[in-house]
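**Student:** The file below is input32.pdb, PDB, C-alpha atoms and all ligand atoms:
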```pdb
ATOM      1  CA  MET A 277       5.680  -5.775  -3.246  1.00  0.00           C
ATOM      2  CA  VAL A 278       2.278  -5.918  -4.898  1.00  0.00           C
ATOM      3  CA  ARG A 279       0.890  -9.436  -4.781  1.00  0.00           C
ATOM      4  CA  PRO A 280      -1.617 -10.312  -7.493  1.00  0.00           C
ATOM      5  CA  ASP A 281      -5.129 -10.530  -5.965  1.00  0.00           C
ATOM      6  CA  GLY A 282      -3.487 -10.119  -2.566  1.00  0.00           C
ATOM      7  CA  PRO A 283      -1.876  -7.728  -0.109  1.00  0.00           C
ATOM      8  CA  LEU A 284       0.966  -5.245  -0.183  1.00  0.00           C
ATOM      9  CA  ILE A 285       4.040  -6.877   1.294  1.00  0.00           C
ATOM     10  CA  CYS A 286       6.056  -4.178   3.038  1.00  0.00           C
ATOM     11  CA  LYS A 287       9.713  -4.963   3.648  1.00  0.00           C
ATOM     12  CA  GLY A 288      12.532  -2.750   4.802  1.00  0.00           C
ATOM     13  CA  ASP A 289      16.215  -3.007   5.674  1.00  0.00           C
ATOM     14  CA  ALA A 290      15.267  -0.953   8.748  1.00  0.00           C
ATOM     15  CA  ASP A 291      11.981  -0.815  10.629  1.00  0.00           C
ATOM     16  CA  ILE A 292       9.054   0.660   8.741  1.00  0.00           C
ATOM     17  CA  THR A 293       6.747   2.812  10.850  1.00  0.00           C
ATOM     18  CA  LEU A 294       3.050   2.155  10.397  1.00  0.00           C
ATOM     19  CA  GLN A 295       0.922   4.849  11.991  1.00  0.00           C
ATOM     20  CA  ASP A 296      -2.684   5.997  12.064  1.00  0.00           C
ATOM     21  CA  ALA A 297      -3.941   9.338  10.803  1.00  0.00           C
ATOM     22  CA  ASP A 298      -3.226  10.886  14.238  1.00  0.00           C
ATOM     23  CA  HIS A 299       0.408   9.707  14.023  1.00  0.00           C
ATOM     24  CA  LYS A 300      -0.178   7.072  16.706  1.00  0.00           C
ATOM     25  CA  ILE A 301       2.197   4.214  15.980  1.00  0.00           C
ATOM     26  CA  ILE A 302       0.476   0.970  15.072  1.00  0.00           C
ATOM     27  CA  LEU A 303       3.632  -1.018  14.421  1.00  0.00           C
ATOM     28  CA  LYS A 304       7.331  -0.728  13.697  1.00  0.00           C
ATOM     29  CA  ASP A 305       8.695  -3.739  11.921  1.00  0.00           C
ATOM     30  CA  LYS A 306      10.809  -4.823   8.992  1.00  0.00           C
ATOM     31  CA  GLU A 307       8.051  -6.820   7.328  1.00  0.00           C
ATOM     32  CA  PHE A 308       4.254  -6.965   7.347  1.00  0.00           C
ATOM     33  CA  ALA A 309       1.350  -7.408   4.936  1.00  0.00           C
ATOM     34  CA  LEU A 310      -1.218  -4.677   4.402  1.00  0.00           C
ATOM     35  CA  CYS A 311      -4.738  -5.271   3.101  1.00  0.00           C
ATOM     36  CA  ARG A 312      -5.404  -3.779  -0.321  1.00  0.00           C
ATOM     37  CA  CYS A 313      -8.762  -5.440  -1.058  1.00  0.00           C
ATOM     38  CA  GLY A 314     -10.609  -3.550   1.692  1.00  0.00           C
ATOM     39  CA  LEU A 315     -12.143  -6.752   3.093  1.00  0.00           C
ATOM     40  CA  SER A 316      -9.810  -7.731   5.946  1.00  0.00           C
ATOM     41  CA  LYS A 317     -11.391  -7.870   9.379  1.00  0.00           C
ATOM     42  CA  ASN A 318      -8.002  -6.940  10.825  1.00  0.00           C
ATOM     43  CA  LYS A 319      -7.305  -3.763   8.855  1.00  0.00           C
ATOM     44  CA  PRO A 320      -4.878  -2.377   8.071  1.00  0.00           C
ATOM     45  CA  PHE A 321      -3.317  -5.833   8.058  1.00  0.00           C
ATOM     46  CA  CYS A 322      -4.139  -8.593   5.610  1.00  0.00           C
ATOM     47  CA  ASP A 323      -6.054 -11.448   7.254  1.00  0.00           C
ATOM     48  CA  GLY A 324      -6.287 -13.673   4.164  1.00  0.00           C
ATOM     49  CA  THR A 325      -9.913 -12.769   3.361  1.00  0.00           C
ATOM     50  CA  HIS A 326      -8.864 -12.059  -0.261  1.00  0.00           C
ATOM     51  CA  LYS A 327      -8.370 -15.819  -0.704  1.00  0.00           C
ATOM     52  CA  THR A 328     -12.064 -16.477  -0.062  1.00  0.00           C
ATOM     53  CA  LYS A 329     -13.236 -14.039  -2.751  1.00  0.00           C
ATOM     54  CA  GLU A 330     -12.897 -13.918  -6.509  1.00  0.00           C
ATOM     55  CA  LEU A 331     -10.918 -10.727  -6.568  1.00  0.00           C
ATOM     56  CA  LYS A 332      -9.303  -9.211  -9.614  1.00  0.00           C
ATOM     57  CA  MET A 333      -6.465  -7.092  -8.344  1.00  0.00           C
ATOM     58  CA  THR A 334      -3.696  -6.854 -10.863  1.00  0.00           C
ATOM     59  CA  GLN A 335      -0.071  -6.716  -9.887  1.00  0.00           C
ATOM     60  CA  ALA A 336       0.826  -4.866 -13.104  1.00  0.00           C
ATOM     61  CA  PHE A 337       1.028  -1.096 -13.147  1.00  0.00           C
ATOM     62  CA  ASN A 338       2.588   1.908 -14.836  1.00  0.00           C
ATOM     63  CA  ASP A 339       3.863   4.908 -12.964  1.00  0.00           C
ATOM     64  CA  GLU A 340       4.366   8.222 -14.733  1.00  0.00           C
ATOM     65  CA  ARG A 341       5.516   9.827 -11.477  1.00  0.00           C
ATOM     66  CA  LYS A 342       8.611   7.710 -10.962  1.00  0.00           C
ATOM     67  CA  GLU A 343      11.298   9.508  -8.946  1.00  0.00           C
ATOM     68  CA  ASP A 344      15.036   9.004  -8.577  1.00  0.00           C
ATOM     69  CA  ILE A 345      15.669   7.865  -4.988  1.00  0.00           C
ATOM     70  CA  ASN A 346      19.415   7.229  -5.341  1.00  0.00           C
ATOM     71  CA  GLY A 347      21.279   8.649  -2.356  1.00  0.00           C
ATOM     72  CA  ILE A 348      18.145   9.447  -0.360  1.00  0.00           C
ATOM     73  CA  VAL A 349      18.316   8.074   3.155  1.00  0.00           C
ATOM     74  CA  ALA A 350      15.236   8.510   5.311  1.00  0.00           C
ATOM     75  CA  ASP A 351      12.875   6.536   7.478  1.00  0.00           C
ATOM     76  CA  MET A 352       9.923   4.894   5.820  1.00  0.00           C
ATOM     77  CA  ILE A 353       6.568   5.920   7.267  1.00  0.00           C
ATOM     78  CA  ILE A 354       3.212   4.551   6.186  1.00  0.00           C
ATOM     79  CA  THR A 355       0.181   6.472   7.414  1.00  0.00           C
ATOM     80  CA  VAL A 356      -3.179   4.734   7.375  1.00  0.00           C
ATOM     81  CA  LYS A 357      -5.563   7.496   6.386  1.00  0.00           C
ATOM     82  CA  THR A 358      -9.034   7.306   7.859  1.00  0.00           C
ATOM     83  CA  ASN A 359     -11.493   5.880   5.303  1.00  0.00           C
ATOM     84  CA  ALA A 360      -8.844   6.396   2.649  1.00  0.00           C
ATOM     85  CA  MET A 361      -5.427   5.375   1.369  1.00  0.00           C
ATOM     86  CA  TYR A 362      -2.011   4.414   2.697  1.00  0.00           C
ATOM     87  CA  SER A 363       0.175   7.490   2.502  1.00  0.00           C
ATOM     88  CA  ILE A 364       3.828   6.502   2.152  1.00  0.00           C
ATOM     89  CA  LYS A 365       6.807   8.744   2.843  1.00  0.00           C
ATOM     90  CA  GLY A 366      10.417   7.774   2.461  1.00  0.00           C
ATOM     91  CA  PRO A 367      12.419   6.276  -0.368  1.00  0.00           C
ATOM     92  CA  VAL A 368      10.508   3.253  -1.575  1.00  0.00           C
ATOM     93  CA  THR A 369      10.603   0.790  -4.430  1.00  0.00           C
ATOM     94  CA  ILE A 370       7.167  -0.480  -5.431  1.00  0.00           C
ATOM     95  CA  PHE A 371       7.167  -3.582  -7.590  1.00  0.00           C
ATOM     96  CA  SER A 372       4.921  -6.386  -8.735  1.00  0.00           C
ATOM     97  CA  ARG A 373       5.601  -9.924  -7.561  1.00  0.00           C
ATOM     98  CA  ASP A 374       6.551 -10.969 -11.089  1.00  0.00           C
ATOM     99  CA  GLY A 375       9.022  -8.059 -11.241  1.00  0.00           C
ATOM    100  CA  LEU A 376       7.605  -6.730 -14.517  1.00  0.00           C
ATOM    101  CA  SER A 377       6.276  -3.514 -12.948  1.00  0.00           C
ATOM    102  CA  LYS A 378       8.554  -1.365 -10.864  1.00  0.00           C
ATOM    103  CA  THR A 379       8.835   2.228  -9.729  1.00  0.00           C
ATOM    104  CA  THR A 380      10.668   4.315  -7.152  1.00  0.00           C
ATOM    105  CA  ARG A 381       9.150   7.128  -5.133  1.00  0.00           C
ATOM    106  CA  THR A 382       9.740   9.382  -2.149  1.00  0.00           C
ATOM    107  CA  LYS A 383       6.015   9.428  -1.500  1.00  0.00           C
ATOM    108  CA  ALA A 384       2.979   7.577  -2.741  1.00  0.00           C
ATOM    109  CA  ALA A 385      -0.706   7.069  -2.041  1.00  0.00           C
ATOM    110  CA  LEU A 386      -1.652   3.409  -2.272  1.00  0.00           C
ATOM    111  CA  CYS A 387      -5.190   2.039  -2.422  1.00  0.00           C
ATOM    112  CA  ARG A 388      -6.576   0.090   0.521  1.00  0.00           C
ATOM    113  CA  CYS A 389     -10.274   0.172  -0.382  1.00  0.00           C
ATOM    114  CA  GLY A 390      -9.922  -2.223  -3.316  1.00  0.00           C
ATOM    115  CA  PHE A 391     -11.787  -0.012  -5.795  1.00  0.00           C
ATOM    116  CA  SER A 392      -9.038   2.026  -7.430  1.00  0.00           C
ATOM    117  CA  GLU A 393      -8.702   1.585 -11.177  1.00  0.00           C
ATOM    118  CA  LYS A 394      -5.032   2.528 -10.915  1.00  0.00           C
ATOM    119  CA  LYS A 395      -3.947  -0.082  -8.389  1.00  0.00           C
ATOM    120  CA  PRO A 396      -1.739  -0.172  -6.492  1.00  0.00           C
ATOM    121  CA  PHE A 397      -2.169   3.610  -6.438  1.00  0.00           C
ATOM    122  CA  CYS A 398      -5.158   5.428  -4.981  1.00  0.00           C
ATOM    123  CA  ASP A 399      -7.363   7.189  -7.524  1.00  0.00           C
ATOM    124  CA  THR A 400      -9.779   8.609  -4.888  1.00  0.00           C
ATOM    125  CA  LYS A 401     -12.462   5.950  -5.516  1.00  0.00           C
ATOM    126  CA  HIS A 402     -12.554   5.463  -1.727  1.00  0.00           C
ATOM    127  CA  LYS A 403     -14.677   8.618  -1.601  1.00  0.00           C
ATOM    128  CA  LYS A 404     -17.316   7.099  -3.861  1.00  0.00           C
ATOM    129  CA  CYS A 405     -17.348   3.459  -2.706  1.00  0.00           C
ATOM    130  CA  GLY A 406     -18.248   4.236   0.921  1.00  0.00           C
ATOM    131  CA  PHE A 407     -15.037   2.793   2.351  1.00  0.00           C
ATOM    132  CA  ILE A 408     -15.082   2.933   6.160  1.00  0.00           C
ATOM    133  CA  ALA A 409     -11.921   1.882   7.992  1.00  0.00           C
TER     134      ALA A 409
HETATM  135  S1  LIG A 501      -8.024   3.986  -1.060  1.00  0.00           S
HETATM  136 FE1  LIG A 501      -8.835   2.948  -2.812  1.00  0.00          FE
HETATM  137  S2  LIG A 501      -9.057   4.544  -4.288  1.00  0.00           S
HETATM  138 FE2  LIG A 501      -8.259   5.555  -2.531  1.00  0.00          FE
END
```
Starting from the coordinates I provided, produce the structure as structure tokens.
**Tutor:**
Amino acid sequence: MVRPDGPLICKGDADITLQDADHKIILKDKEFALCRCGLSKNKPFCDGTHKTKELKMTQAFNDERKEDINGIVADMIITVKTNAMYSIKGPVTIFSRDGLSKTTRTKAALCRCGFSEKKPFCDTKHKKCGFIA
């Protein structure tokens, strides 16, 4: 779930695997919050820093790459790419907190630098903004 001006809330019926770019497991859990503003001191997790800033991170989005995930059963894996995005694999529903934006995917690249103009998706701005994490 994409929180307005806040983190990505990741929730699963089964454990979601969060791993680093070398496939080293960071966490396996059914729920956690990932930073999407790029300012957390506890990346990849949200530490609430977004509340201290005047951030404009919309929860609304459109997705032209929506996929049908009906009948697909697979583990959900989120890879924290070095100095770049969250790479998600597995059937996932991405939705805004107000429920007005919603898509389904088998894979997605989600912004964690805070600079994408297509939030919650990565648009490769991390390469230009000097994101280090
Ligand atoms: S991680 Fe923000 S644009 Fe790629």
**Student:** List all protein, DNA and RNA residues that have any atom at most 12 Å from ligand LIG 501 (chain A), counting only C-alpha atoms and all ligand atoms, and write the list as JSON, numbers by chain.
**Tutor:** {"A": [311, 312, 313, 314, 315, 320, 333, 356, 357, 358, 359, 360, 361, 362, 363, 384, 385, 386, 387, 388, 389, 390, 391, 392, 393, 394, 395, 396, 397, 398, 399, 400, 401, 402, 403, 404, 405, 406, 407, 408, 409]}
**Student:** Could you expand the PyMOL selection byres (((chain A and resi 334-337) around 7) and not hetatm) into the explicit residues it covers here, written as a VMD selection string?
**Tutor:** chain A and resid 278 to 281 332 to 333 338 to 339 372 to 373 377 395
**Student:** How close does range 354-383 of chain A get to range 344-348 of chain A? List, as JSON lines, each residue of range 354-383 of chain A within 8 Å, its nearest atom pair and the distance in Å to one decimal, counting all atoms listed in the file.
**Tutor:**
```
{"residue": "A:Pro367", "atom": "CA", "partner": "A:Ile345", "partner_atom": "CA", "distance": 5.9}
{"residue": "A:Val368", "atom": "CA", "partner": "A:Ile345", "partner_atom": "CA", "distance": 7.7}
{"residue": "A:Thr380", "atom": "CA", "partner": "A:Ile345", "partner_atom": "CA", "distance": 6.5}
{"residue": "A:Arg381", "atom": "CA", "partner": "A:Ile345", "partner_atom": "CA", "distance": 6.6}
{"residue": "A:Thr382", "atom": "CA", "partner": "A:Ile345", "partner_atom": "CA", "distance": 6.7}
```
**Student:** Can you measure CA of His326 in chain A to CA of Phe371 in chain A for me? One decimal in Å is fine.
**Tutor:**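 Between these atoms lies a distance of 19.6 Å.
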**Student:** Around the point (14.5, 12.1, 7.3) in the file's coordinates, collect all residues with an atom within 12 Å, using all atoms listed in the file, and return them as JSON, numbers by chain.
**Tutor:** {"A": [348, 349, 350, 351, 352, 353, 365, 366, 367, 382]}
**Student:** In Å, with one decimal, what is the gap from CA of Thr325 in chain A to CA of Ala309 in chain A?
**Tutor:**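 Between CA of Thr325 in chain A and CA of Ala309 in chain A the gap works out to 12.6 Å.
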